[in-house]
>>> print(open('work.csv').read())   # CSV, C-alpha atoms
chain,number,residue,atom,x,y,z
A,120,MET,CA,5.4,-0.6,-46.3
A,121,GLN,CA,2.3,-2.5,-45.6
A,122,ALA,CA,2.5,-5.6,-43.4
A,123,SER,CA,0.3,-7.4,-45.9
A,124,VAL,CA,3.2,-7.3,-48.4
A,125,PRO,CA,5.4,-10.3,-47.5
A,126,VAL,CA,8.3,-9.7,-49.9
A,127,THR,CA,9.2,-6.6,-52.0
A,128,VAL,CA,12.0,-6.8,-54.5
A,129,ASN,CA,13.2,-3.2,-54.6
A,130,PRO,CA,14.4,-1.4,-57.8
A,131,ASP,CA,18.0,-1.6,-56.6
A,132,LYS,CA,17.6,-5.5,-56.2
A,133,THR,CA,17.6,-5.3,-52.4
A,134,VAL,CA,14.7,-7.4,-50.9
A,135,THR,CA,12.5,-6.5,-48.0
A,136,ILE,CA,10.8,-9.2,-46.1
A,137,THR,CA,8.2,-8.5,-43.4
A,138,TYR,CA,6.5,-10.6,-40.7
A,139,PRO,CA,2.8,-9.9,-40.1
A,140,ASP,CA,2.6,-10.1,-36.3
A,141,THR,CA,4.3,-7.0,-34.9
A,142,THR,CA,3.7,-8.1,-31.3
A,143,ALA,CA,5.9,-11.2,-31.7
A,144,GLU,CA,8.8,-11.0,-29.3
A,145,GLU,CA,11.4,-12.8,-31.4
A,146,VAL,CA,11.2,-13.8,-35.1
A,147,ILE,CA,14.1,-15.5,-36.8
A,148,LEU,CA,14.2,-15.2,-40.6
A,149,GLN,CA,15.8,-18.3,-42.2
A,150,GLY,CA,17.2,-18.4,-45.7
A,151,GLN,CA,20.3,-19.5,-47.6
A,152,PHE,CA,20.6,-16.0,-49.0
A,153,ILE,CA,21.4,-14.6,-45.5
A,154,THR,CA,25.1,-14.2,-45.3
A,155,SER,CA,27.6,-11.6,-44.1
A,156,GLU,CA,27.6,-10.3,-47.7
A,157,THR,CA,23.8,-9.8,-48.0
A,158,VAL,CA,23.1,-8.4,-44.5
A,159,ASN,CA,23.0,-4.6,-44.6
A,160,LEU,CA,22.8,-3.9,-40.9
A,161,PRO,CA,25.6,-3.8,-38.4
A,162,LEU,CA,26.4,-7.3,-37.3
A,163,VAL,CA,26.4,-6.2,-33.7
A,164,ASP,CA,22.6,-5.6,-34.0
A,165,LEU,CA,21.9,-9.0,-35.5
A,166,PHE,CA,21.9,-12.6,-34.6
A,167,ILE,CA,23.3,-14.2,-37.8
A,168,LYS,CA,24.4,-17.8,-38.1
A,169,ASP,CA,23.8,-20.6,-40.6
A,170,GLY,CA,21.5,-18.5,-42.7
A,171,LYS,CA,19.5,-17.1,-39.9
A,172,LEU,CA,19.0,-13.6,-38.4
A,173,ARG,CA,16.8,-11.9,-35.8
A,174,MET,CA,14.2,-9.6,-37.4
A,175,LYS,CA,14.0,-6.1,-36.0
A,176,HIS,CA,11.2,-3.5,-35.8
A,177,ASP,CA,11.7,-0.8,-38.5
A,178,GLU,CA,10.7,2.9,-38.3
A,179,ASN,CA,7.1,1.9,-38.8
A,180,GLY,CA,7.0,-0.6,-36.0
A,181,GLN,CA,7.0,-3.6,-38.4
A,182,LEU,CA,9.2,-6.6,-38.1
A,183,SER,CA,11.2,-6.5,-41.3
A,184,TYR,CA,14.5,-7.1,-42.9
A,185,THR,CA,16.0,-5.5,-46.0
A,186,SER,CA,19.0,-7.3,-47.6
A,187,ASN,CA,21.8,-5.9,-49.6
A,188,ALA,CA,21.4,-6.2,-53.4
A,189,LEU,CA,20.9,-9.8,-54.4
A,190,ALA,CA,21.9,-11.5,-57.7
A,191,SER,CA,19.1,-12.6,-60.0
A,192,ASP,CA,18.0,-16.0,-58.7
A,193,LEU,CA,15.3,-17.9,-56.8
A,194,TYR,CA,15.5,-17.7,-53.0
A,195,TRP,CA,13.9,-19.6,-50.2
A,196,TYR,CA,12.9,-18.4,-46.8
A,197,ASN,CA,10.8,-19.3,-43.7
A,198,PHE,CA,10.4,-18.1,-40.1
A,199,ASN,CA,11.2,-19.5,-36.8
A,200,VAL,CA,8.9,-18.2,-34.1
A,201,ASP,CA,9.1,-19.5,-30.5
A,202,ASP,CA,11.2,-22.4,-31.7
A,203,SER,CA,8.6,-23.4,-34.3
A,204,THR,CA,9.4,-23.2,-38.0
A,205,MET,CA,6.6,-21.8,-40.2
A,206,ILE,CA,6.0,-20.4,-43.6
A,207,ASP,CA,4.6,-17.0,-44.5
A,208,THR,CA,0.9,-17.6,-45.3
A,209,ARG,CA,0.6,-14.3,-47.2
A,210,ASN,CA,3.1,-15.6,-49.8
A,211,HIS,CA,1.5,-18.3,-51.9
A,212,ASN,CA,4.8,-19.3,-53.5
A,213,VAL,CA,5.5,-22.4,-51.4
A,214,VAL,CA,7.7,-25.4,-52.0
A,215,ARG,CA,8.4,-28.6,-50.1
A,216,ASP,CA,12.0,-29.9,-49.9
A,217,ILE,CA,11.6,-33.4,-48.5
A,218,ASN,CA,9.7,-32.7,-45.3
A,219,THR,CA,10.3,-28.9,-44.8
A,220,TYR,CA,8.3,-26.2,-46.4
A,221,TYR,CA,9.6,-22.8,-47.6
A,222,ASN,CA,8.3,-19.7,-49.3
A,223,TYR,CA,10.3,-18.3,-52.2
A,224,PHE,CA,10.8,-15.1,-54.2
A,225,ILE,CA,12.6,-14.4,-57.4
A,226,VAL,CA,14.9,-11.5,-58.2
A,227,PRO,CA,14.7,-10.8,-61.9
A,228,GLY,CA,17.3,-9.7,-64.4
A,229,GLY,CA,19.2,-12.9,-65.0
A,230,ASP,CA,18.8,-16.6,-64.2
A,231,GLY,CA,15.8,-15.6,-62.1
A,232,ASP,CA,13.9,-14.8,-65.3
A,233,LEU,CA,14.2,-18.4,-66.3
A,234,TYR,CA,12.3,-19.4,-63.2
A,235,THR,CA,9.2,-17.4,-63.9
A,236,ASP,CA,6.3,-18.5,-66.1
A,237,ALA,CA,6.8,-18.0,-69.8
A,238,LYS,CA,4.3,-16.1,-71.8
A,239,SER,CA,2.0,-18.3,-73.9
A,240,ALA,CA,4.2,-21.4,-73.1
A,241,GLY,CA,1.6,-24.0,-74.3
A,242,SER,CA,3.6,-26.8,-72.7
A,243,HIS,CA,2.0,-29.5,-70.6
A,244,VAL,CA,3.0,-31.8,-67.7
A,245,GLU,CA,1.4,-35.1,-67.2
A,246,GLN,CA,1.5,-37.3,-64.1
A,247,VAL,CA,1.6,-40.8,-65.4
A,248,TRP,CA,1.3,-44.2,-63.7
A,249,TYR,CA,3.4,-47.0,-65.3
A,250,PRO,CA,3.8,-50.8,-64.5
A,251,SER,CA,6.7,-51.4,-62.2
A,252,SER,CA,8.4,-54.2,-60.2
A,253,VAL,CA,10.3,-51.8,-57.9
A,254,GLY,CA,9.5,-51.5,-54.2
A,255,GLY,CA,6.7,-54.0,-54.2
A,256,PHE,CA,4.3,-51.6,-56.0
A,257,LYS,CA,2.4,-52.7,-59.0
A,258,LYS,CA,2.6,-49.2,-60.5
A,259,ARG,CA,4.9,-46.2,-60.0
A,260,ARG,CA,4.4,-42.6,-61.1
A,261,MET,CA,6.5,-40.3,-63.3
A,262,SER,CA,6.1,-36.7,-64.4
A,263,VAL,CA,6.4,-36.0,-68.1
A,264,TYR,CA,7.0,-32.6,-69.6
A,265,LEU,CA,5.7,-32.2,-73.1
A,266,PRO,CA,6.8,-29.0,-75.0
A,267,ALA,CA,4.2,-26.9,-76.8
A,268,ALA,CA,5.2,-28.3,-80.1
A,269,TYR,CA,4.2,-31.8,-79.0
A,270,ALA,CA,0.5,-30.9,-79.2
A,271,LYS,CA,0.9,-28.8,-82.3
A,272,THR,CA,2.7,-31.2,-84.6
A,273,THR,CA,2.9,-34.9,-85.3
A,274,GLU,CA,6.7,-35.0,-85.1
A,275,SER,CA,8.7,-37.1,-82.6
A,276,PHE,CA,11.0,-35.6,-80.0
A,277,PRO,CA,14.3,-36.5,-78.1
A,278,VAL,CA,14.0,-37.4,-74.4
A,279,LEU,CA,15.8,-36.2,-71.3
A,280,TYR,CA,15.3,-38.5,-68.3
A,281,LEU,CA,15.9,-36.2,-65.2
A,282,LEU,CA,16.3,-37.7,-61.8
A,283,HIS,CA,15.8,-36.3,-58.3
A,284,GLY,CA,17.9,-36.8,-55.1
A,285,SER,CA,17.4,-38.6,-51.9
A,286,GLY,CA,14.1,-37.8,-50.2
A,287,GLY,CA,12.7,-36.4,-53.4
A,288,ASP,CA,10.0,-37.6,-55.8
A,289,GLU,CA,8.6,-37.2,-59.3
A,290,LYS,CA,7.6,-33.6,-58.5
A,291,SER,CA,10.9,-32.4,-57.1
A,292,TRP,CA,12.3,-31.1,-60.4
A,293,LEU,CA,9.0,-29.4,-61.2
A,294,GLU,CA,8.5,-27.7,-57.8
A,295,LEU,CA,12.1,-27.2,-56.5
A,296,GLY,CA,13.9,-27.1,-59.8
A,297,HIS,CA,11.3,-25.1,-61.8
A,298,LEU,CA,11.8,-27.4,-64.7
A,299,LYS,CA,8.7,-26.4,-66.6
A,300,GLN,CA,9.6,-22.7,-66.4
A,301,ILE,CA,13.2,-23.3,-67.4
A,302,MET,CA,12.2,-25.4,-70.4
A,303,ASP,CA,9.5,-23.0,-71.6
A,304,ASN,CA,11.8,-20.0,-71.4
A,305,MET,CA,14.8,-21.6,-73.0
A,306,ILE,CA,12.8,-23.2,-75.8
A,307,ALA,CA,11.1,-19.8,-76.4
A,308,ALA,CA,14.5,-18.1,-76.6
A,309,GLY,CA,15.8,-20.7,-79.0
A,310,THR,CA,18.7,-21.7,-76.8
A,311,ILE,CA,17.6,-25.4,-76.5
A,312,GLN,CA,15.8,-27.8,-78.7
A,313,PRO,CA,12.2,-28.8,-77.8
A,314,MET,CA,12.4,-32.1,-76.0
A,315,ILE,CA,10.3,-34.4,-73.7
A,316,VAL,CA,11.5,-34.5,-70.1
A,317,VAL,CA,10.7,-37.6,-68.0
A,318,MET,CA,11.0,-37.3,-64.2
A,319,PRO,CA,10.4,-40.7,-62.5
A,320,ASN,CA,10.0,-41.4,-58.8
A,321,GLY,CA,13.3,-42.8,-57.8
A,322,CYS,CA,12.5,-43.5,-54.1
A,323,VAL,CA,12.0,-47.2,-53.6
A,324,ASP,CA,9.7,-46.7,-50.6
A,325,LEU,CA,7.2,-44.5,-52.5
A,326,ALA,CA,5.2,-45.1,-55.6
A,327,ALA,CA,4.5,-41.4,-55.9
A,328,THR,CA,4.7,-38.1,-54.0
A,329,PRO,CA,3.6,-38.6,-50.4
A,330,GLY,CA,-0.2,-38.4,-50.2
A,331,ASP,CA,-0.7,-38.8,-54.0
A,332,ASP,CA,-0.8,-42.6,-54.1
A,333,PRO,CA,-4.4,-43.7,-53.8
A,334,ASP,CA,-3.3,-47.1,-52.5
A,335,ASN,CA,-1.3,-45.4,-49.7
A,336,PRO,CA,-3.0,-42.1,-49.1
A,337,ASP,CA,-1.8,-41.6,-45.5
A,338,VAL,CA,2.0,-41.5,-46.3
A,339,LYS,CA,3.5,-38.3,-45.0
A,340,PRO,CA,6.7,-36.5,-46.0
A,341,LYS,CA,9.6,-37.6,-43.9
A,342,SER,CA,13.4,-37.0,-43.8
A,343,ASN,CA,14.6,-40.4,-44.8
A,344,TYR,CA,13.4,-43.0,-47.3
A,345,SER,CA,15.0,-46.1,-48.8
A,346,SER,CA,17.4,-44.7,-51.4
A,347,SER,CA,17.8,-47.5,-53.9
A,348,THR,CA,21.5,-48.0,-53.0
A,349,TYR,CA,20.8,-51.6,-54.0
A,350,GLY,CA,20.4,-51.0,-57.7
A,351,GLN,CA,16.6,-51.5,-58.0
A,352,ILE,CA,15.9,-48.3,-59.8
A,353,GLU,CA,18.9,-48.7,-62.2
A,354,ASN,CA,18.0,-52.3,-63.1
A,355,ALA,CA,14.4,-51.3,-63.9
A,356,PHE,CA,15.2,-48.2,-65.8
A,357,ILE,CA,15.5,-49.5,-69.3
A,358,PRO,CA,12.8,-52.3,-69.2
A,359,GLU,CA,10.2,-50.2,-67.3
A,360,ILE,CA,10.7,-46.5,-67.6
A,361,VAL,CA,12.3,-46.1,-71.0
A,362,LYS,CA,10.1,-48.8,-72.5
A,363,TYR,CA,6.9,-47.2,-71.2
A,364,VAL,CA,7.9,-43.8,-72.5
A,365,GLU,CA,8.8,-45.1,-75.9
A,366,ASP,CA,5.6,-47.2,-76.1
A,367,ASN,CA,3.4,-44.3,-75.1
A,368,TYR,CA,4.9,-41.1,-76.5
A,369,ARG,CA,6.2,-39.8,-79.8
A,370,VAL,CA,9.9,-40.1,-79.1
A,371,LYS,CA,12.9,-40.4,-81.4
A,372,ALA,CA,14.5,-43.8,-81.1
A,373,GLY,CA,18.1,-44.6,-80.4
A,374,LYS,CA,21.0,-43.5,-78.3
A,375,ALA,CA,21.5,-40.2,-80.0
A,376,ASN,CA,18.0,-39.1,-78.9
A,377,ARG,CA,18.3,-40.1,-75.2
A,378,ALA,CA,19.8,-38.1,-72.4
A,379,ILE,CA,19.9,-39.0,-68.7
A,380,ALA,CA,20.9,-36.7,-65.8
A,381,GLY,CA,20.4,-36.6,-62.0
A,382,LEU,CA,21.3,-34.8,-58.9
A,383,SER,CA,22.9,-36.4,-55.8
A,384,LEU,CA,21.2,-39.9,-55.5
A,385,GLY,CA,19.8,-39.3,-58.9
A,386,GLY,CA,23.3,-38.9,-60.1
A,387,LEU,CA,24.1,-42.4,-58.7
A,388,HIS,CA,21.1,-43.7,-60.6
A,389,THR,CA,22.3,-41.9,-63.7
A,390,LEU,CA,25.9,-43.0,-63.5
A,391,TYR,CA,25.1,-46.7,-63.0
A,392,THR,CA,22.2,-46.8,-65.5
A,393,ALA,CA,24.6,-45.4,-68.1
A,394,LEU,CA,27.5,-47.6,-67.1
A,395,ASN,CA,25.4,-50.8,-67.3
A,396,ASN,CA,23.7,-49.7,-70.6
A,397,PRO,CA,26.5,-48.0,-72.5
A,398,GLN,CA,24.6,-48.1,-75.8
A,399,GLU,CA,21.5,-46.4,-74.6
A,400,PHE,CA,22.3,-42.8,-73.7
A,401,ASP,CA,24.4,-40.3,-75.7
A,402,TYR,CA,24.2,-37.5,-73.1
A,403,ILE,CA,24.9,-38.1,-69.4
A,404,GLY,CA,24.7,-35.4,-66.7
A,405,LEU,CA,26.0,-35.8,-63.1
A,406,PHE,CA,24.9,-32.9,-60.8
A,407,SER,CA,26.6,-33.2,-57.4
A,408,ALA,CA,26.3,-36.9,-58.0
A,409,LEU,CA,26.7,-39.6,-55.4
A,410,THR,CA,29.3,-41.6,-57.4
A,411,TYR,CA,29.7,-44.7,-55.3
A,412,SER,CA,27.3,-47.4,-54.3
A,413,LEU,CA,26.8,-48.8,-50.8
A,414,SER,CA,28.6,-52.0,-51.8
A,415,GLN,CA,31.6,-49.9,-53.0
A,416,ALA,CA,31.7,-47.8,-50.0
A,417,ASP,CA,31.7,-50.7,-47.6
A,418,LYS,CA,32.9,-53.9,-49.3
A,419,GLY,CA,33.4,-55.7,-46.1
A,420,GLY,CA,30.3,-54.4,-44.4
A,421,ARG,CA,26.7,-54.3,-45.4
A,422,ALA,CA,27.0,-56.1,-48.7
A,423,LYS,CA,29.1,-58.9,-47.1
A,424,ILE,CA,26.6,-59.1,-44.2
A,425,GLY,CA,23.8,-59.6,-46.7
A,426,GLU,CA,25.7,-62.2,-48.7
A,427,GLY,CA,26.6,-64.2,-45.6
A,428,TRP,CA,23.0,-64.1,-44.2
A,429,ARG,CA,21.5,-65.2,-47.5
A,430,ALA,CA,24.0,-68.1,-47.7
A,431,LEU,CA,23.2,-69.1,-44.1
A,432,LYS,CA,19.4,-69.0,-44.8
A,433,LYS,CA,20.0,-71.2,-47.9
A,434,SER,CA,21.7,-73.8,-45.8
A,435,PHE,CA,19.3,-73.5,-42.9
A,436,PRO,CA,15.9,-72.3,-44.2
A,437,PHE,CA,14.3,-72.3,-40.8
A,438,MET,CA,16.5,-69.3,-39.9
A,439,GLY,CA,14.5,-67.0,-42.3
A,440,GLY,CA,11.8,-64.7,-41.1
A,441,GLY,CA,11.4,-63.0,-37.8
A,442,LYS,CA,13.0,-59.9,-36.4
A,443,VAL,CA,16.6,-60.9,-37.0
A,444,ASP,CA,15.9,-61.5,-40.7
A,445,LYS,CA,14.1,-58.2,-41.0
A,446,LYS,CA,16.9,-56.3,-39.4
A,447,ILE,CA,19.6,-57.8,-41.5
A,448,THR,CA,17.6,-57.5,-44.7
A,449,ALA,CA,17.0,-53.8,-43.9
A,450,LEU,CA,20.7,-53.4,-43.4
A,451,SER,CA,22.0,-55.3,-46.3
A,452,GLY,CA,19.3,-55.1,-49.0
A,453,PRO,CA,16.4,-57.4,-50.0
A,454,SER,CA,16.9,-61.1,-49.5
A,455,GLY,CA,18.0,-62.8,-52.7
A,456,ASP,CA,18.8,-59.4,-54.2
A,457,THR,CA,21.0,-59.6,-57.3
A,458,HIS,CA,20.8,-55.9,-58.0
A,459,LEU,CA,24.1,-55.2,-56.4
A,460,GLU,CA,25.8,-56.7,-59.5
A,461,ILE,CA,25.3,-53.5,-61.3
A,462,TYR,CA,27.9,-51.9,-59.1
A,463,ASP,CA,30.6,-54.5,-59.8
A,464,ASP,CA,33.4,-54.3,-62.4
A,465,MET,CA,33.2,-50.5,-62.5
A,466,GLN,CA,36.6,-50.2,-64.3
A,467,ASP,CA,35.5,-52.4,-67.1
A,468,LYS,CA,32.2,-50.6,-67.4
A,469,ILE,CA,33.9,-47.2,-67.7
A,470,VAL,CA,36.0,-48.6,-70.5
A,471,ALA,CA,32.8,-50.0,-72.2
A,472,LEU,CA,31.1,-46.6,-71.8
A,473,LYS,CA,34.1,-44.8,-73.3
A,474,GLU,CA,34.1,-47.2,-76.3
A,475,ALA,CA,30.5,-46.5,-76.9
A,476,GLN,CA,31.5,-42.8,-77.4
A,477,PRO,CA,28.8,-40.8,-75.7
A,478,ALA,CA,28.4,-37.4,-77.2
A,479,LEU,CA,28.6,-35.8,-73.7
A,480,VAL,CA,29.5,-36.7,-70.1
A,481,PHE,CA,28.8,-33.7,-68.0
A,482,ILE,CA,30.0,-33.4,-64.4
A,483,ALA,CA,29.1,-30.4,-62.2
A,484,ILE,CA,29.7,-29.9,-58.5
A,485,GLY,CA,30.2,-27.1,-55.9
A,486,LYS,CA,33.5,-26.4,-54.3
A,487,ASP,CA,31.9,-26.8,-50.9
A,488,ASP,CA,29.8,-29.9,-51.7
A,489,PHE,CA,30.3,-32.8,-49.4
A,490,LEU,CA,30.5,-35.1,-52.5
A,491,LYS,CA,33.3,-33.1,-54.0
A,492,LYS,CA,36.0,-35.8,-53.2
A,493,PRO,CA,34.0,-38.7,-54.7
A,494,ASN,CA,33.4,-36.7,-57.8
A,495,ASP,CA,37.1,-35.9,-58.0
A,496,ASP,CA,37.9,-39.6,-57.7
A,497,LEU,CA,35.5,-40.4,-60.5
A,498,ARG,CA,37.1,-37.8,-62.7
A,499,HIS,CA,40.5,-39.3,-61.9
A,500,GLU,CA,39.3,-42.7,-63.1
A,501,PHE,CA,38.1,-41.0,-66.3
A,502,ASP,CA,41.4,-39.2,-66.8
A,503,LYS,CA,43.4,-42.4,-66.4
A,504,LYS,CA,41.4,-43.9,-69.3
A,505,ASN,CA,41.5,-40.7,-71.4
A,506,PHE,CA,37.7,-40.5,-71.2
A,507,ARG,CA,36.6,-37.0,-72.2
A,508,TYR,CA,34.1,-35.2,-70.1
A,509,VAL,CA,32.9,-31.6,-69.4
A,510,TYR,CA,33.6,-30.4,-65.9
A,511,ILE,CA,31.9,-27.5,-64.1
A,512,GLU,CA,33.0,-26.4,-60.6
A,513,SER,CA,30.7,-23.8,-59.0
A,514,ASP,CA,30.7,-22.0,-55.8
A,515,GLY,CA,28.6,-23.3,-53.0
A,516,GLY,CA,27.5,-26.8,-52.0
A,517,HIS,CA,24.7,-29.4,-52.2
A,518,THR,CA,21.9,-27.0,-53.0
A,519,TRP,CA,19.0,-26.5,-55.4
A,520,ASP,CA,20.4,-23.1,-56.6
A,521,ASN,CA,23.4,-25.0,-58.0
A,522,TRP,CA,21.3,-27.8,-59.5
A,523,ARG,CA,19.1,-25.4,-61.4
A,524,ARG,CA,22.2,-23.7,-62.8
A,525,TYR,CA,23.7,-27.0,-63.8
A,526,LEU,CA,20.5,-27.9,-65.7
A,527,ILE,CA,20.6,-24.5,-67.4
A,528,ASN,CA,24.2,-25.2,-68.5
A,529,PHE,CA,23.5,-28.8,-69.5
A,530,LEU,CA,20.4,-28.3,-71.6
A,531,PRO,CA,21.9,-26.4,-74.6
A,532,ARG,CA,24.5,-29.2,-75.0
A,533,LEU,CA,21.8,-31.8,-75.7
A,534,PHE,CA,20.9,-33.4,-79.0
A,535,THR,CA,23.3,-31.1,-81.0
A,536,THR,CA,25.0,-33.9,-83.0
A,537,LYS,CA,23.5,-35.4,-86.1
>>> encode(input="work.csv", output="structure tokens")
Amino acid sequence: MQASVPVTVNPDKTVTITYPDTTAEEVILQGQFITSETVNLPLVDLFIKDGKLRMKHDENGQLSYTSNALASDLYWYNFNVDDSTMIDTRNHNVVRDINTYYNYFIVPGGDGDLYTDAKSAGSHVEQVWYPSSVGGFKKRRMSVYLPAAYAKTTESFPVLYLLHGSGGDEKSWLELGHLKQIMDNMIAAGTIQPMIVVMPNGCVDLAATPGDDPDNPDVKPKSNYSSSTYGQIENAFIPEIVKYVEDNYRVKAGKANRAIAGLSLGGLHTLYTALNNPQEFDYIGLFSALTYSLSQADKGGRAKIGEGWRALKKSFPFMGGGKVDKKITALSGPSGDTHLEIYDDMQDKIVALKEAQPALVFIAIGKDDFLKKPNDDLRHEFDKKNFRYVYIESDGGHTWDNWRRYLINFLPRLFTTK
């Protein structure tokens, strides 16, 4: 084994990872695939906790680790050396998840094959700026996947609007979700229909991926952004995002040709966009969705604080402005904000969505996901109203390996009704 080879997927599906500096005193390998089931060395010889283990020198004097056989999938890893997290510069497969960078490798022979580049795909992804009222920006950016057939024909296509989670951006589904590879491979296999996929930026604080906005070039990735718990994204979705797409691309019109899906925070945006626009989307996908808004979670808290403060400023205008105003506004939402109304009357909106008879409501979540209980509560509300839905419960938690699988399960169900 040469130290210049960072990752080797062996014929038996075990994986060997090396670290280049053999003189390093302690190197911790970090990755979600590191569990008691995948470790093939005696645990007494290893430090293993929370997806971490101490790499050891092999018979050639190299720092390395070889796993047990891994299922076909995409796996992330990085190193911790002297309390500093770093990627493997020899491995050019790098992704950013919010503000942390990882290398990745793919084990073939199953789902992993869908995450590799398809042969002669011919598809295209555009990064598009569109007019927007959200977040104080004049324009926001979306990624648009166009199947190969889009450039080869003059026909129109159905559209999937696919939304990222908190801290993500318009590139998240492309980079972390391998959306293009999944679409190309599944279209080529004939398991899904060719469709356009629109991935807007759902982070109120950002117009585009950090560093990609020419008006704000110095923005750096960070762990927390404003997450549109105040309904701004949902309220702007139809008049800004959908309108732009339908004005600028060859898309099939009407509810039967529109799908919307999202993970985590994007699931919140999906749910309330659909609930407030029951005649717009025939296919709705909730992947580990945040199913309740801030105002629902704390009826007597932040929303009420905001309402009281706005009423007080209306009576006493001189109280506006200054540090107190900024702090309360940051806590409760923008001053004069009416976006919270989209979270009201949820029971009635569920009934209205049921009466609109969507072709598919798809709910998927992991057994260990911290949002499992809120998703169970949502399903209970649907059950009480005899609202039909498809439910997928997987192993694991709030992770990209689950979200990719949910997408793979969701896609073949789209645009199948005539």
>>> residues_around(input="work.csv", residues="Val361 of chain A", least_positions_apart="5", cutoff="10 Å", atoms="only C-alpha atoms", output="PyMOL selection string")
chain A and resi 278+280+317+355-356+366-367+377+399
>>> atom_distance(input="work.csv", atom1="atom CA of Val226 of chain A", atom2="atom CA of Gly287 of chain A")
25.5 Å
>>> closest_residue(input="work.csv", among="A:Ile147, A:Ile403, A:Ile225, A:Tyr264", to="Asp201 of chain A", atoms="only C-alpha atoms")
A:Ile147
>>> atom_distance(input="work.csv", atom1="atom CA of Asn505 of chain A", atom2="atom CA of Met465 of chain A")
15.6 Å
>>> residues_near_point(input="work.csv", point="(14.3, -35.7, -72.3)", cutoff="9 Å", atoms="all atoms listed in the file", output="PyMOL selection string")
chain A and resi 263-264+276-281+314-318+376-379
>>> closest_residue(input="work.csv", among="A:Val247, A:Val146, A:Ala308, A:Leu325", to="Ser203 of chain A", atoms="only C-alpha atoms")
A:Val146
>>> atom_distance(input="work.csv", atom1="atom CA of Gly330 of chain A", atom2="atom CA of Asn521 of chain A")
28.2 Å
>>> decode(input="work.csv", residues="segment 227-238 of chain A", atoms="N, CA, C and O atoms", output="PDB file, in the first residue's frame")
ATOM      1  N   PRO A 227     -19.088   0.748  -4.426  1.00  0.00           N
ATOM      2  CA  PRO A 227     -20.021   0.431  -5.508  1.00  0.00           C
ATOM      3  C   PRO A 227     -20.852  -0.814  -5.214  1.00  0.00           C
ATOM      4  O   PRO A 227     -20.691  -1.461  -4.187  1.00  0.00           O
ATOM      5  N   GLY A 228     -21.750  -1.115  -6.176  1.00  0.00           N
ATOM      6  CA  GLY A 228     -22.499  -2.364  -6.097  1.00  0.00           C
ATOM      7  C   GLY A 228     -23.914  -2.231  -5.569  1.00  0.00           C
ATOM      8  O   GLY A 228     -24.548  -3.237  -5.254  1.00  0.00           O
ATOM      9  N   GLY A 229     -24.429  -1.017  -5.464  1.00  0.00           N
ATOM     10  CA  GLY A 229     -25.781  -0.795  -4.950  1.00  0.00           C
ATOM     11  C   GLY A 229     -26.116   0.668  -5.077  1.00  0.00           C
ATOM     12  O   GLY A 229     -25.884   1.287  -6.127  1.00  0.00           O
ATOM     13  N   ASP A 230     -26.651   1.267  -3.996  1.00  0.00           N
ATOM     14  CA  ASP A 230     -26.966   2.700  -4.023  1.00  0.00           C
ATOM     15  C   ASP A 230     -25.753   3.540  -4.387  1.00  0.00           C
ATOM     16  O   ASP A 230     -25.884   4.594  -5.023  1.00  0.00           O
ATOM     17  N   GLY A 231     -24.571   3.093  -4.003  1.00  0.00           N
ATOM     18  CA  GLY A 231     -23.365   3.850  -4.320  1.00  0.00           C
ATOM     19  C   GLY A 231     -23.189   4.102  -5.802  1.00  0.00           C
ATOM     20  O   GLY A 231     -22.630   5.126  -6.208  1.00  0.00           O
ATOM     21  N   ASP A 232     -23.698   3.192  -6.629  1.00  0.00           N
ATOM     22  CA  ASP A 232     -23.570   3.376  -8.082  1.00  0.00           C
ATOM     23  C   ASP A 232     -24.357   4.597  -8.557  1.00  0.00           C
ATOM     24  O   ASP A 232     -23.997   5.216  -9.574  1.00  0.00           O
ATOM     25  N   LEU A 233     -25.431   4.945  -7.857  1.00  0.00           N
ATOM     26  CA  LEU A 233     -26.235   6.100  -8.239  1.00  0.00           C
ATOM     27  C   LEU A 233     -25.532   7.417  -7.933  1.00  0.00           C
ATOM     28  O   LEU A 233     -25.919   8.456  -8.457  1.00  0.00           O
ATOM     29  N   TYR A 234     -24.490   7.372  -7.103  1.00  0.00           N
ATOM     30  CA  TYR A 234     -23.790   8.595  -6.706  1.00  0.00           C
ATOM     31  C   TYR A 234     -22.558   8.863  -7.558  1.00  0.00           C
ATOM     32  O   TYR A 234     -21.827   9.820  -7.313  1.00  0.00           O
ATOM     33  N   THR A 235     -22.314   8.017  -8.544  1.00  0.00           N
ATOM     34  CA  THR A 235     -21.179   8.206  -9.444  1.00  0.00           C
ATOM     35  C   THR A 235     -21.657   8.843 -10.744  1.00  0.00           C
ATOM     36  O   THR A 235     -22.837   8.762 -11.103  1.00  0.00           O
ATOM     37  N   ASP A 236     -20.751   9.487 -11.462  1.00  0.00           N
ATOM     38  CA  ASP A 236     -21.119  10.154 -12.708  1.00  0.00           C
ATOM     39  C   ASP A 236     -21.614   9.144 -13.728  1.00  0.00           C
ATOM     40  O   ASP A 236     -20.976   8.104 -13.956  1.00  0.00           O
ATOM     41  N   ALA A 237     -22.744   9.460 -14.339  1.00  0.00           N
ATOM     42  CA  ALA A 237     -23.298   8.586 -15.377  1.00  0.00           C
ATOM     43  C   ALA A 237     -22.536   8.786 -16.678  1.00  0.00           C
ATOM     44  O   ALA A 237     -22.024   9.870 -16.964  1.00  0.00           O
ATOM     45  N   LYS A 238     -22.463   7.726 -17.478  1.00  0.00           N
ATOM     46  CA  LYS A 238     -21.791   7.813 -18.768  1.00  0.00           C
ATOM     47  C   LYS A 238     -22.664   8.590 -19.753  1.00  0.00           C
ATOM     48  O   LYS A 238     -23.852   8.324 -19.888  1.00  0.00           O
TER      49      LYS A 238
END
